[in-house]
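Here the structure comes first, spelled out in structure tokens, and everything after it is commentary.
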Amino acid sequence: MSEIKERLAHVMDRIEEARKRSPWHQKVTLVAVTKFHPLEDMEEAIRLGVTQVGENRVQEMEQKYKALTLPVTWNLQGHLQKNKVKKAVAMADLIQSGDSVEILQEIDRRAGEIGKVQDALLEFNISGEASKHGIPPEKMEETIRTVKELPHIRVKGLMCMAPNYEDVEKTRPVFRKAHTMWNEMKKEFPEGQISLLSMGMTHDFEIAIEEGANMVRIGTAIFGERQYHQEESKA
Ligand SMILES: *Cc1c(COP(=O)(O)O)cnc(C)c1O
């Protein structure tokens, strides 16, 4: 068995076990995070049944987007620069990193230009870490009010990242708060469009699922450690 096949099978088992432990037994969608991994790894994962991939940088996504011939759902989940939004909107099925009103407005503008309604998540900085992007939780209502006026964005849910605690159990309150906020969001959009609670990465996805995540974004546990080249880490 190839390494990716083996690792992916193990991840799927762990997702299933966590899902059973969760009080909601929710269906969980896996986004395979392919950033810094070659196209061939992405292709292999798709052949093994992965239906969604996630990339962080528009430029890297574009290279793979142009080269890939297999069908897949494209997630963009890295902090977006304003000048990259046009390309992002042209490719992404779901932009998970709606992390400021300014960027959401730009997504709306660029989507409007090509007659698209862009699916997006609101990314919140729940732990308040200075190094993290994301909307502060106390700005949730204000942000929702603004986003509701944007005709070319459809908010589908909430995305967050927990701090990289050594004791992974410490992430639980962060995910719990995210779940509460997600329920608040559902009330703000009574049409039922809020369906995605995207949280959990390699090191904390089981706790995220136990706390209600229905979308996890996993890279390392499937593809191994990322090789950051000097040139790429500058971008
Ligand atoms: C890189 C990244 C992931 C995946 O991280 P792993 O620890 O490799 O699973 C998930 N979400 C976001 C936003 C990321 O930047």
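By convention here, the chains of the structure tokens are called A, B, ... in the order presented, each chain's residues are numbered starting at 1, and ligands are numbered starting at 1 in the order presented.
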ask   = What lies within 10 Å of region 106-118 of chain A using only C-alpha atoms, ignoring chain neighbours under 6 positions off, as JSON, numbers by chain?
value = {"A": [80, 81, 82, 83, 84, 85, 86, 87, 88, 89, 90, 92, 93, 94, 95, 98, 147, 149, 150, 151, 152, 153, 154, 155, 156]}
Selected residues, N, CA, C and O atoms, written as an mmCIF file, in the first residue's frame, please.
```
data_model
loop_
_atom_site.group_PDB
_atom_site.id
_atom_site.type_symbol
_atom_site.label_atom_id
_atom_site.label_comp_id
_atom_site.auth_asym_id
_atom_site.auth_seq_id
_atom_site.Cartn_x
_atom_site.Cartn_y
_atom_site.Cartn_z
ATOM 1 N N LEU A 80 -6.037 35.946 2.394
ATOM 2 C CA LEU A 80 -5.999 36.465 1.024
ATOM 3 C C LEU A 80 -5.514 37.916 0.986
ATOM 4 O O LEU A 80 -5.961 38.741 1.782
ATOM 5 N N GLN A 81 -4.623 38.193 0.047
ATOM 6 C CA GLN A 81 -4.285 39.582 -0.262
ATOM 7 C C GLN A 81 -5.350 40.101 -1.227
ATOM 8 O O GLN A 81 -5.827 39.367 -2.080
ATOM 9 N N LYS A 82 -5.641 41.373 -1.094
ATOM 10 C CA LYS A 82 -6.678 41.965 -1.935
ATOM 11 C C LYS A 82 -6.401 41.768 -3.438
ATOM 12 O O LYS A 82 -7.303 41.481 -4.213
ATOM 13 N N ASN A 83 -5.137 41.892 -3.801
ATOM 14 C CA ASN A 83 -4.813 41.795 -5.232
ATOM 15 C C ASN A 83 -4.859 40.357 -5.761
ATOM 16 O O ASN A 83 -4.641 40.125 -6.945
ATOM 17 N N LYS A 84 -5.132 39.389 -4.896
ATOM 18 C CA LYS A 84 -5.243 37.994 -5.344
ATOM 19 C C LYS A 84 -6.701 37.534 -5.427
ATOM 20 O O LYS A 84 -6.986 36.420 -5.845
ATOM 21 N N VAL A 85 -7.600 38.397 -5.010
ATOM 22 C CA VAL A 85 -9.001 37.976 -4.882
ATOM 23 C C VAL A 85 -9.619 37.639 -6.247
ATOM 24 O O VAL A 85 -10.373 36.680 -6.373
ATOM 25 N N LYS A 86 -9.243 38.388 -7.249
ATOM 26 C CA LYS A 86 -9.823 38.151 -8.578
ATOM 27 C C LYS A 86 -9.558 36.709 -9.030
ATOM 28 O O LYS A 86 -10.470 36.005 -9.466
ATOM 29 N N LYS A 87 -8.303 36.298 -8.905
ATOM 30 C CA LYS A 87 -7.953 34.922 -9.293
ATOM 31 C C LYS A 87 -8.605 33.900 -8.366
ATOM 32 O O LYS A 87 -9.031 32.836 -8.798
ATOM 33 N N ALA A 88 -8.637 34.216 -7.096
ATOM 34 C CA ALA A 88 -9.221 33.294 -6.119
ATOM 35 C C ALA A 88 -10.674 32.989 -6.482
ATOM 36 O O ALA A 88 -11.109 31.835 -6.497
ATOM 37 N N VAL A 89 -11.391 34.051 -6.806
ATOM 38 C CA VAL A 89 -12.814 33.910 -7.122
ATOM 39 C C VAL A 89 -13.018 33.127 -8.423
ATOM 40 O O VAL A 89 -13.998 32.398 -8.588
ATOM 41 N N ALA A 90 -12.068 33.244 -9.319
ATOM 42 C CA ALA A 90 -12.183 32.521 -10.587
ATOM 43 C C ALA A 90 -12.035 31.011 -10.393
ATOM 44 O O ALA A 90 -12.519 30.228 -11.204
ATOM 45 N N ALA A 92 -11.993 29.193 -6.893
ATOM 46 C CA ALA A 92 -12.407 28.515 -5.665
ATOM 47 C C ALA A 92 -13.894 28.179 -5.644
ATOM 48 O O ALA A 92 -14.734 29.017 -5.967
ATOM 49 N N ASP A 93 -14.208 26.957 -5.254
ATOM 50 C CA ASP A 93 -15.600 26.618 -4.966
ATOM 51 C C ASP A 93 -16.005 27.209 -3.622
ATOM 52 O O ASP A 93 -17.120 27.668 -3.459
ATOM 53 N N LEU A 94 -15.071 27.160 -2.669
ATOM 54 C CA LEU A 94 -15.354 27.710 -1.336
ATOM 55 C C LEU A 94 -14.127 28.468 -0.841
ATOM 56 O O LEU A 94 -13.030 27.889 -0.778
ATOM 57 N N ILE A 95 -14.315 29.729 -0.513
ATOM 58 C CA ILE A 95 -13.246 30.497 0.120
ATOM 59 C C ILE A 95 -13.494 30.441 1.624
ATOM 60 O O ILE A 95 -14.482 30.986 2.128
ATOM 61 N N GLY A 98 -12.645 34.025 4.786
ATOM 62 C CA GLY A 98 -13.314 35.331 4.821
ATOM 63 C C GLY A 98 -13.013 35.962 6.169
ATOM 64 O O GLY A 98 -13.804 35.888 7.100
ATOM 65 N N VAL A 147 -22.198 41.633 5.529
ATOM 66 C CA VAL A 147 -22.107 40.590 4.499
ATOM 67 C C VAL A 147 -23.471 40.278 3.884
ATOM 68 O O VAL A 147 -23.570 39.950 2.700
ATOM 69 N N GLU A 149 -25.573 42.248 2.991
ATOM 70 C CA GLU A 149 -25.845 43.229 1.926
ATOM 71 C C GLU A 149 -25.032 42.951 0.657
ATOM 72 O O GLU A 149 -25.158 43.679 -0.318
ATOM 73 N N LEU A 150 -24.163 41.969 0.700
ATOM 74 C CA LEU A 150 -23.307 41.697 -0.458
ATOM 75 C C LEU A 150 -23.944 40.610 -1.326
ATOM 76 O O LEU A 150 -24.013 39.451 -0.921
ATOM 77 N N PRO A 151 -24.403 40.984 -2.524
ATOM 78 C CA PRO A 151 -25.195 40.046 -3.322
ATOM 79 C C PRO A 151 -24.390 38.897 -3.938
ATOM 80 O O PRO A 151 -24.961 37.888 -4.325
ATOM 81 N N HIS A 152 -23.079 39.053 -4.014
ATOM 82 C CA HIS A 152 -22.298 38.025 -4.712
ATOM 83 C C HIS A 152 -21.482 37.147 -3.769
ATOM 84 O O HIS A 152 -20.525 36.501 -4.173
ATOM 85 N N ILE A 153 -21.865 37.161 -2.498
ATOM 86 C CA ILE A 153 -21.282 36.221 -1.529
ATOM 87 C C ILE A 153 -22.401 35.453 -0.861
ATOM 88 O O ILE A 153 -23.400 36.039 -0.452
ATOM 89 N N ARG A 154 -22.223 34.146 -0.772
ATOM 90 C CA ARG A 154 -23.143 33.344 0.025
ATOM 91 C C ARG A 154 -22.360 32.740 1.185
ATOM 92 O O ARG A 154 -21.491 31.880 0.979
ATOM 93 N N VAL A 155 -22.639 33.232 2.374
ATOM 94 C CA VAL A 155 -21.943 32.710 3.557
ATOM 95 C C VAL A 155 -22.517 31.340 3.892
ATOM 96 O O VAL A 155 -23.731 31.175 4.041
ATOM 97 N N LYS A 156 -21.621 30.370 4.004
ATOM 98 C CA LYS A 156 -22.066 28.989 4.246
ATOM 99 C C LYS A 156 -21.732 28.494 5.642
ATOM 100 O O LYS A 156 -22.080 27.375 5.992
#
```
Taking a cut-off of 9 Å and counting only C-alpha atoms and all ligand atoms, can you build a table that, for each residue of chain A near ligand 1, reports the nearest atom pair and how far apart they are in Å (one decimal), sorted by chain then residue number, as a Markdown table?
```
| residue | atom | partner | partner_atom_place_in_ligand_line | distance |
| --- | --- | --- | --- | --- |
| A:Val31 | CA | ligand 1 | 10 (C) | 8.5 |
| A:Ala32 | CA | ligand 1 | 4 (C) | 7.9 |
| A:Val33 | CA | ligand 1 | 4 (C) | 5.4 |
| A:Thr34 | CA | ligand 1 | 4 (C) | 8.2 |
| A:Lys35 | CA | ligand 1 | 1 (C) | 6.9 |
| A:Gly54 | CA | ligand 1 | 10 (C) | 7.9 |
| A:Glu55 | CA | ligand 1 | 15 (O) | 7.8 |
| A:Asn56 | CA | ligand 1 | 15 (O) | 6.0 |
| A:Leu76 | CA | ligand 1 | 13 (C) | 8.6 |
| A:Gln77 | CA | ligand 1 | 13 (C) | 5.1 |
| A:Gly78 | CA | ligand 1 | 13 (C) | 5.7 |
| A:His79 | CA | ligand 1 | 13 (C) | 8.3 |
| A:Gln96 | CA | ligand 1 | 13 (C) | 8.1 |
| A:Ser97 | CA | ligand 1 | 13 (C) | 7.7 |
| A:Met159 | CA | ligand 1 | 13 (C) | 8.5 |
| A:Cys160 | CA | ligand 1 | 13 (C) | 7.8 |
| A:Met161 | CA | ligand 1 | 13 (C) | 6.7 |
| A:Ser198 | CA | ligand 1 | 11 (N) | 8.9 |
| A:Met199 | CA | ligand 1 | 11 (N) | 7.8 |
| A:Gly200 | CA | ligand 1 | 10 (C) | 7.2 |
| A:Met201 | CA | ligand 1 | 9 (O) | 4.1 |
| A:Thr202 | CA | ligand 1 | 9 (O) | 3.6 |
| A:His203 | CA | ligand 1 | 7 (O) | 6.0 |
| A:Asp204 | CA | ligand 1 | 7 (O) | 8.4 |
| A:Phe205 | CA | ligand 1 | 9 (O) | 8.4 |
| A:Val216 | CA | ligand 1 | 10 (C) | 7.7 |
| A:Arg217 | CA | ligand 1 | 10 (C) | 4.6 |
| A:Ile218 | CA | ligand 1 | 9 (O) | 3.6 |
| A:Gly219 | CA | ligand 1 | 8 (O) | 3.6 |
| A:Thr220 | CA | ligand 1 | 8 (O) | 3.7 |
| A:Ala221 | CA | ligand 1 | 9 (O) | 6.1 |
| A:Ile222 | CA | ligand 1 | 9 (O) | 7.9 |
| A:Phe223 | CA | ligand 1 | 8 (O) | 8.1 |
| A:Gly224 | CA | ligand 1 | 8 (O) | 7.9 |
| A:Glu225 | CA | ligand 1 | 8 (O) | 7.3 |
| A:Arg226 | CA | ligand 1 | 8 (O) | 7.6 |
```
How about saving the chosen residues, N, CA and C atoms kept, as an mmCIF file, in the first residue's frame?
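Saved as selection.cif:
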```cif
data_model
loop_
_atom_site.group_PDB
_atom_site.id
_atom_site.type_symbol
_atom_site.label_atom_id
_atom_site.label_comp_id
_atom_site.auth_asym_id
_atom_site.auth_seq_id
_atom_site.Cartn_x
_atom_site.Cartn_y
_atom_site.Cartn_z
ATOM 1 N N VAL A 31 -11.469 17.800 3.939
ATOM 2 C CA VAL A 31 -10.736 18.598 2.957
ATOM 3 C C VAL A 31 -9.269 18.195 3.082
ATOM 4 N N ALA A 32 -8.716 17.627 2.031
ATOM 5 C CA ALA A 32 -7.306 17.227 2.050
ATOM 6 C C ALA A 32 -6.453 18.443 1.697
ATOM 7 N N VAL A 33 -5.628 18.854 2.645
ATOM 8 C CA VAL A 33 -4.842 20.089 2.463
ATOM 9 C C VAL A 33 -3.535 19.755 1.754
ATOM 10 N N THR A 34 -3.445 20.198 0.518
ATOM 11 C CA THR A 34 -2.366 19.785 -0.376
ATOM 12 C C THR A 34 -1.259 20.828 -0.515
ATOM 13 N N LYS A 35 -1.350 21.915 0.224
ATOM 14 C CA LYS A 35 -0.344 22.981 0.082
ATOM 15 C C LYS A 35 1.073 22.428 0.290
ATOM 16 N N GLY A 54 -7.725 21.500 -0.334
ATOM 17 C CA GLY A 54 -7.556 22.851 0.195
ATOM 18 C C GLY A 54 -6.155 23.356 -0.078
ATOM 19 N N GLU A 55 -6.080 24.588 -0.540
ATOM 20 C CA GLU A 55 -4.798 25.251 -0.778
ATOM 21 C C GLU A 55 -4.789 26.574 -0.026
ATOM 22 N N ASN A 56 -3.589 27.052 0.278
ATOM 23 C CA ASN A 56 -3.477 28.310 1.021
ATOM 24 C C ASN A 56 -3.129 29.507 0.159
ATOM 25 N N LEU A 76 -10.144 27.332 -0.786
ATOM 26 C CA LEU A 76 -9.019 28.231 -0.532
ATOM 27 C C LEU A 76 -9.141 28.670 0.920
ATOM 28 N N GLN A 77 -8.071 28.489 1.664
ATOM 29 C CA GLN A 77 -8.200 28.644 3.119
ATOM 30 C C GLN A 77 -7.101 29.493 3.730
ATOM 31 N N GLY A 78 -6.229 30.063 2.899
ATOM 32 C CA GLY A 78 -5.164 30.905 3.434
ATOM 33 C C GLY A 78 -5.577 32.369 3.400
ATOM 34 N N HIS A 79 -4.973 33.169 4.240
ATOM 35 C CA HIS A 79 -5.254 34.609 4.252
ATOM 36 C C HIS A 79 -5.039 35.200 2.858
ATOM 37 N N GLN A 96 -12.609 29.747 2.316
ATOM 38 C CA GLN A 96 -12.816 29.545 3.768
ATOM 39 C C GLN A 96 -12.278 30.707 4.592
ATOM 40 N N SER A 97 -11.429 31.524 3.970
ATOM 41 C CA SER A 97 -10.718 32.561 4.728
ATOM 42 C C SER A 97 -11.347 33.946 4.559
ATOM 43 N N MET A 159 -15.347 29.180 9.869
ATOM 44 C CA MET A 159 -14.059 28.493 9.909
ATOM 45 C C MET A 159 -13.244 29.067 11.051
ATOM 46 N N CYS A 160 -12.488 28.205 11.726
ATOM 47 C CA CYS A 160 -11.537 28.712 12.719
ATOM 48 C C CYS A 160 -10.368 27.763 12.889
ATOM 49 N N MET A 161 -9.324 28.301 13.469
ATOM 50 C CA MET A 161 -8.148 27.506 13.836
ATOM 51 C C MET A 161 -7.925 27.673 15.334
ATOM 52 N N SER A 198 -16.209 24.456 9.841
ATOM 53 C CA SER A 198 -14.907 23.953 9.395
ATOM 54 C C SER A 198 -13.858 24.200 10.459
ATOM 55 N N MET A 199 -13.487 23.147 11.160
ATOM 56 C CA MET A 199 -12.451 23.280 12.186
ATOM 57 C C MET A 199 -11.820 21.926 12.463
ATOM 58 N N GLY A 200 -10.531 21.984 12.781
ATOM 59 C CA GLY A 200 -9.776 20.764 13.037
ATOM 60 C C GLY A 200 -8.749 20.522 11.958
ATOM 61 N N MET A 201 -7.488 20.357 12.381
ATOM 62 C CA MET A 201 -6.371 20.071 11.487
ATOM 63 C C MET A 201 -5.688 18.800 12.018
ATOM 64 N N THR A 202 -4.550 18.472 11.442
ATOM 65 C CA THR A 202 -3.901 17.208 11.819
ATOM 66 C C THR A 202 -3.847 16.999 13.325
ATOM 67 N N HIS A 203 -3.485 18.046 14.044
ATOM 68 C CA HIS A 203 -3.152 17.768 15.434
ATOM 69 C C HIS A 203 -4.360 17.879 16.379
ATOM 70 N N ASP A 204 -5.470 18.431 15.858
ATOM 71 C CA ASP A 204 -6.607 18.602 16.779
ATOM 72 C C ASP A 204 -7.970 18.209 16.180
ATOM 73 N N PHE A 205 -7.965 17.479 15.056
ATOM 74 C CA PHE A 205 -9.257 17.273 14.371
ATOM 75 C C PHE A 205 -10.228 16.390 15.162
ATOM 76 N N VAL A 216 -13.315 19.015 8.251
ATOM 77 C CA VAL A 216 -11.962 19.090 8.808
ATOM 78 C C VAL A 216 -10.978 19.313 7.664
ATOM 79 N N ARG A 217 -9.910 20.035 7.959
ATOM 80 C CA ARG A 217 -8.904 20.362 6.938
ATOM 81 C C ARG A 217 -7.587 19.718 7.352
ATOM 82 N N ILE A 218 -7.231 18.630 6.665
ATOM 83 C CA ILE A 218 -6.106 17.826 7.135
ATOM 84 C C ILE A 218 -5.047 17.676 6.045
ATOM 85 N N GLY A 219 -3.831 18.058 6.374
ATOM 86 C CA GLY A 219 -2.714 17.946 5.439
ATOM 87 C C GLY A 219 -1.692 16.915 5.894
ATOM 88 N N THR A 220 -0.955 17.256 6.934
ATOM 89 C CA THR A 220 0.194 16.454 7.362
ATOM 90 C C THR A 220 -0.148 14.980 7.615
ATOM 91 N N ALA A 221 -1.268 14.725 8.233
ATOM 92 C CA ALA A 221 -1.605 13.333 8.564
ATOM 93 C C ALA A 221 -1.846 12.491 7.313
ATOM 94 N N ILE A 222 -2.103 13.146 6.185
ATOM 95 C CA ILE A 222 -2.329 12.408 4.938
ATOM 96 C C ILE A 222 -1.065 12.391 4.062
ATOM 97 N N PHE A 223 -0.436 13.550 3.956
ATOM 98 C CA PHE A 223 0.650 13.689 2.978
ATOM 99 C C PHE A 223 2.041 13.722 3.600
ATOM 100 N N GLY A 224 2.120 13.731 4.918
ATOM 101 C CA GLY A 224 3.420 13.835 5.574
ATOM 102 C C GLY A 224 3.805 15.291 5.786
ATOM 103 N N GLU A 225 4.995 15.466 6.345
ATOM 104 C CA GLU A 225 5.469 16.823 6.646
ATOM 105 C C GLU A 225 5.642 17.626 5.361
ATOM 106 N N ARG A 226 5.325 18.902 5.439
ATOM 107 C CA ARG A 226 5.542 19.781 4.283
ATOM 108 C C ARG A 226 7.003 20.198 4.208
#
```
task = Grab the CA of Asp167 (chain A) to CA of Glu129 (chain A) distance for me, in Å with one decimal place.
result =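 Those two atoms sit 16.6 Å apart.
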note = Here CA of Met140 (chain A) and CA of Ile126 (chain A) stand apart by 10.8 Å
Identify, on the basis of only C-alpha atoms, every residue whose closest approach to Phe189 (chain A) does not exceed 10 Å; exclude the query and any residue fewer than 2 positions from it along the same chain; express the result as a PDB file with all heavy atoms, in the first residue's frame.
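Saved result, result_26.pdb, follows:
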```
ATOM      1  N   ILE A 144     -21.817  40.166  10.009  1.00  0.00           N
ATOM      2  CA  ILE A 144     -22.941  39.502   9.343  1.00  0.00           C
ATOM      3  C   ILE A 144     -23.870  40.538   8.709  1.00  0.00           C
ATOM      4  O   ILE A 144     -24.325  40.375   7.572  1.00  0.00           O
ATOM      5  CB  ILE A 144     -23.696  38.590  10.332  1.00  0.00           C
ATOM      6  CG1 ILE A 144     -22.834  37.356  10.642  1.00  0.00           C
ATOM      7  CG2 ILE A 144     -25.055  38.177   9.781  1.00  0.00           C
ATOM      8  CD1 ILE A 144     -23.384  36.454  11.720  1.00  0.00           C
ATOM      9  N   LYS A 148     -24.505  40.412   4.683  1.00  0.00           N
ATOM     10  CA  LYS A 148     -25.852  40.163   4.158  1.00  0.00           C
ATOM     11  C   LYS A 148     -26.210  41.104   3.009  1.00  0.00           C
ATOM     12  O   LYS A 148     -27.078  40.799   2.201  1.00  0.00           O
ATOM     13  CB  LYS A 148     -26.875  40.336   5.282  1.00  0.00           C
ATOM     14  CG  LYS A 148     -27.053  39.121   6.131  1.00  0.00           C
ATOM     15  CD  LYS A 148     -28.175  39.385   7.115  1.00  0.00           C
ATOM     16  CE  LYS A 148     -28.701  38.101   7.703  1.00  0.00           C
ATOM     17  NZ  LYS A 148     -29.874  38.353   8.548  1.00  0.00           N
ATOM     18  N   VAL A 155     -22.639  33.232   2.374  1.00  0.00           N
ATOM     19  CA  VAL A 155     -21.943  32.710   3.557  1.00  0.00           C
ATOM     20  C   VAL A 155     -22.517  31.340   3.892  1.00  0.00           C
ATOM     21  O   VAL A 155     -23.731  31.175   4.041  1.00  0.00           O
ATOM     22  CB  VAL A 155     -22.104  33.666   4.754  1.00  0.00           C
ATOM     23  CG1 VAL A 155     -21.462  33.059   6.002  1.00  0.00           C
ATOM     24  CG2 VAL A 155     -21.464  35.012   4.445  1.00  0.00           C
ATOM     25  N   LYS A 156     -21.621  30.370   4.004  1.00  0.00           N
ATOM     26  CA  LYS A 156     -22.066  28.989   4.246  1.00  0.00           C
ATOM     27  C   LYS A 156     -21.732  28.494   5.642  1.00  0.00           C
ATOM     28  O   LYS A 156     -22.080  27.375   5.992  1.00  0.00           O
ATOM     29  CB  LYS A 156     -21.387  28.052   3.235  1.00  0.00           C
ATOM     30  CG  LYS A 156     -21.647  28.400   1.770  1.00  0.00           C
ATOM     31  CD  LYS A 156     -22.898  27.788   1.230  1.00  0.00           C
ATOM     32  CE  LYS A 156     -22.742  26.286   1.090  1.00  0.00           C
ATOM     33  NZ  LYS A 156     -23.964  25.695   0.511  1.00  0.00           N
ATOM     34  N   GLY A 157     -20.967  29.291   6.393  1.00  0.00           N
ATOM     35  CA  GLY A 157     -20.644  28.824   7.734  1.00  0.00           C
ATOM     36  C   GLY A 157     -19.429  29.491   8.329  1.00  0.00           C
ATOM     37  O   GLY A 157     -19.065  30.607   7.937  1.00  0.00           O
ATOM     38  N   GLU A 184     -25.366  30.664  16.435  1.00  0.00           N
ATOM     39  CA  GLU A 184     -25.839  32.054  16.334  1.00  0.00           C
ATOM     40  C   GLU A 184     -25.957  32.462  14.866  1.00  0.00           C
ATOM     41  O   GLU A 184     -26.911  33.125  14.451  1.00  0.00           O
ATOM     42  CB  GLU A 184     -24.866  33.003  17.044  1.00  0.00           C
ATOM     43  CG  GLU A 184     -24.828  32.854  18.560  1.00  0.00           C
ATOM     44  CD  GLU A 184     -26.179  33.143  19.189  1.00  0.00           C
ATOM     45  OE1 GLU A 184     -26.823  34.138  18.798  1.00  0.00           O
ATOM     46  OE2 GLU A 184     -26.601  32.346  20.051  1.00  0.00           O
ATOM     47  N   MET A 185     -24.952  32.083  14.092  1.00  0.00           N
ATOM     48  CA  MET A 185     -24.975  32.422  12.664  1.00  0.00           C
ATOM     49  C   MET A 185     -26.203  31.841  11.973  1.00  0.00           C
ATOM     50  O   MET A 185     -26.818  32.481  11.129  1.00  0.00           O
ATOM     51  CB  MET A 185     -23.717  31.887  11.955  1.00  0.00           C
ATOM     52  CG  MET A 185     -22.487  32.747  12.139  1.00  0.00           C
ATOM     53  SD  MET A 185     -21.025  32.019  11.336  1.00  0.00           S
ATOM     54  CE  MET A 185     -21.336  32.437   9.611  1.00  0.00           C
ATOM     55  N   LYS A 186     -26.538  30.618  12.333  1.00  0.00           N
ATOM     56  CA  LYS A 186     -27.710  29.978  11.714  1.00  0.00           C
ATOM     57  C   LYS A 186     -28.968  30.815  11.942  1.00  0.00           C
ATOM     58  O   LYS A 186     -29.816  30.924  11.057  1.00  0.00           O
ATOM     59  CB  LYS A 186     -27.919  28.593  12.317  1.00  0.00           C
ATOM     60  CG  LYS A 186     -26.963  27.561  11.818  1.00  0.00           C
ATOM     61  CD  LYS A 186     -27.358  26.214  12.405  1.00  0.00           C
ATOM     62  CE  LYS A 186     -26.553  25.107  11.778  1.00  0.00           C
ATOM     63  NZ  LYS A 186     -26.835  23.812  12.393  1.00  0.00           N
ATOM     64  N   LYS A 187     -29.068  31.414  13.134  1.00  0.00           N
ATOM     65  CA  LYS A 187     -30.243  32.249  13.421  1.00  0.00           C
ATOM     66  C   LYS A 187     -30.241  33.507  12.565  1.00  0.00           C
ATOM     67  O   LYS A 187     -31.297  34.011  12.181  1.00  0.00           O
ATOM     68  CB  LYS A 187     -30.253  32.642  14.905  1.00  0.00           C
ATOM     69  CG  LYS A 187     -30.597  31.495  15.824  1.00  0.00           C
ATOM     70  CD  LYS A 187     -30.694  32.001  17.264  1.00  0.00           C
ATOM     71  CE  LYS A 187     -30.232  30.916  18.236  1.00  0.00           C
ATOM     72  NZ  LYS A 187     -29.694  31.476  19.478  1.00  0.00           N
ATOM     73  N   GLU A 191     -32.571  31.428   6.169  1.00  0.00           N
ATOM     74  CA  GLU A 191     -32.822  30.696   4.924  1.00  0.00           C
ATOM     75  C   GLU A 191     -32.193  29.298   4.963  1.00  0.00           C
ATOM     76  O   GLU A 191     -32.398  28.477   4.062  1.00  0.00           O
ATOM     77  CB  GLU A 191     -32.240  31.438   3.714  1.00  0.00           C
ATOM     78  CG  GLU A 191     -32.627  32.905   3.608  1.00  0.00           C
ATOM     79  CD  GLU A 191     -31.804  33.824   4.521  1.00  0.00           C
ATOM     80  OE1 GLU A 191     -30.819  33.371   5.121  1.00  0.00           O
ATOM     81  OE2 GLU A 191     -32.180  35.004   4.638  1.00  0.00           O
ATOM     82  N   GLY A 192     -31.341  29.041   5.948  1.00  0.00           N
ATOM     83  CA  GLY A 192     -30.751  27.703   6.058  1.00  0.00           C
ATOM     84  C   GLY A 192     -29.460  27.525   5.294  1.00  0.00           C
ATOM     85  O   GLY A 192     -29.030  26.397   5.047  1.00  0.00           O
ATOM     86  N   GLN A 193     -28.842  28.626   4.916  1.00  0.00           N
ATOM     87  CA  GLN A 193     -27.623  28.490   4.113  1.00  0.00           C
ATOM     88  C   GLN A 193     -26.387  28.146   4.955  1.00  0.00           C
ATOM     89  O   GLN A 193     -25.364  27.738   4.425  1.00  0.00           O
ATOM     90  CB  GLN A 193     -27.359  29.782   3.327  1.00  0.00           C
ATOM     91  CG  GLN A 193     -26.929  30.969   4.180  1.00  0.00           C
ATOM     92  CD  GLN A 193     -27.032  32.271   3.413  1.00  0.00           C
ATOM     93  OE1 GLN A 193     -28.103  32.652   2.951  1.00  0.00           O
ATOM     94  NE2 GLN A 193     -25.914  32.951   3.260  1.00  0.00           N
ATOM     95  N   ILE A 194     -26.488  28.299   6.270  1.00  0.00           N
ATOM     96  CA  ILE A 194     -25.330  28.020   7.129  1.00  0.00           C
ATOM     97  C   ILE A 194     -25.277  26.522   7.422  1.00  0.00           C
ATOM     98  O   ILE A 194     -26.092  25.995   8.183  1.00  0.00           O
ATOM     99  CB  ILE A 194     -25.417  28.810   8.457  1.00  0.00           C
ATOM    100  CG1 ILE A 194     -25.523  30.313   8.194  1.00  0.00           C
ATOM    101  CG2 ILE A 194     -24.224  28.494   9.362  1.00  0.00           C
ATOM    102  CD1 ILE A 194     -24.350  30.937   7.483  1.00  0.00           C
TER     103      ILE A 194
END
```
Pick out the residues sitting within 10 Å of Pro173 (chain A), and hand them over as a tab-separated table (two decimals) with N, CA and C atoms, in the first residue's frame; count only C-alpha atoms, and ignore anything fewer than 5 positions along from it in its own chain.
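Result written to result-v3.tsv:
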```tsv
chain	number	residue	atom	x	y	z
A	126	ILE	N	-10.86	33.10	17.24
A	126	ILE	CA	-11.58	32.88	18.49
A	126	ILE	C	-10.67	32.96	19.70
A	127	SER	N	-9.46	32.49	19.54
A	127	SER	CA	-8.53	32.52	20.68
A	127	SER	C	-7.90	33.90	20.87
A	162	ALA	N	-7.56	26.60	15.97
A	162	ALA	CA	-7.20	26.69	17.40
A	162	ALA	C	-5.70	26.94	17.51
A	178	ALA	N	-16.67	28.16	19.03
A	178	ALA	CA	-16.95	28.25	17.59
A	178	ALA	C	-18.30	27.63	17.27
A	179	HIS	N	-18.58	26.51	17.88
A	179	HIS	CA	-19.87	25.84	17.64
A	179	HIS	C	-21.04	26.71	18.10
A	207	ILE	N	-10.71	16.31	18.40
A	207	ILE	CA	-11.41	17.14	19.38
A	207	ILE	C	-12.41	18.06	18.67
A	208	ALA	N	-12.02	18.61	17.54
A	208	ALA	CA	-12.92	19.47	16.77
A	208	ALA	C	-14.20	18.71	16.40
A	211	GLU	N	-16.49	18.23	19.13
A	211	GLU	CA	-17.18	19.49	19.46
A	211	GLU	C	-18.08	19.97	18.32
```
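With distances restricted to only C-alpha atoms, A:His37 is the closest residue to Glu60 (chain A) from A:Arg14, A:Lys132, A:His37, A:Arg21.
Shortest atom-to-atom contact with Asn214 (chain A) among A:Thr73, A:Thr171, A:Val101, A:Leu196: A:Leu196, counting only C-alpha atoms.
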inquiry  = I'd like the contact shell of Val28 (chain A) - 10 Å cut-off, only C-alpha atoms, skipping same-chain residues fewer than 6 positions apart - returned as a PyMOL selection string.
reply    = chain A and resi 12+15-16+18-19+196-198+209+212-216
task = Please return as an MDAnalysis selection string: the residues of region 101-172 of chain A that backbone DSSP assigns to helix (DSSP H, G or I).
result = chainID A and resid 101:113 137:148 168:172
request  = Just give me the gap between CA of Asn125 (chain A) and CA of Pro137 (chain A) in Å, one decimal is fine.
outcome  = 6.8 Å
message = So that I can see what lies close to region 42-45 of chain A, please list as a list in words the residues with an atom at most 8 Å from it, counting only C-alpha atoms and leaving out residues fewer than 2 positions away in the same chain.
response =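 Near neighbours after the sequence-gap exclusion: Ile4, Lys5, Leu8, Ala32, Thr34, His37, Pro38, Leu39, Glu40, Arg47, Leu48, Gly49, Val50, Val53, Leu68 and Leu70 of chain A.
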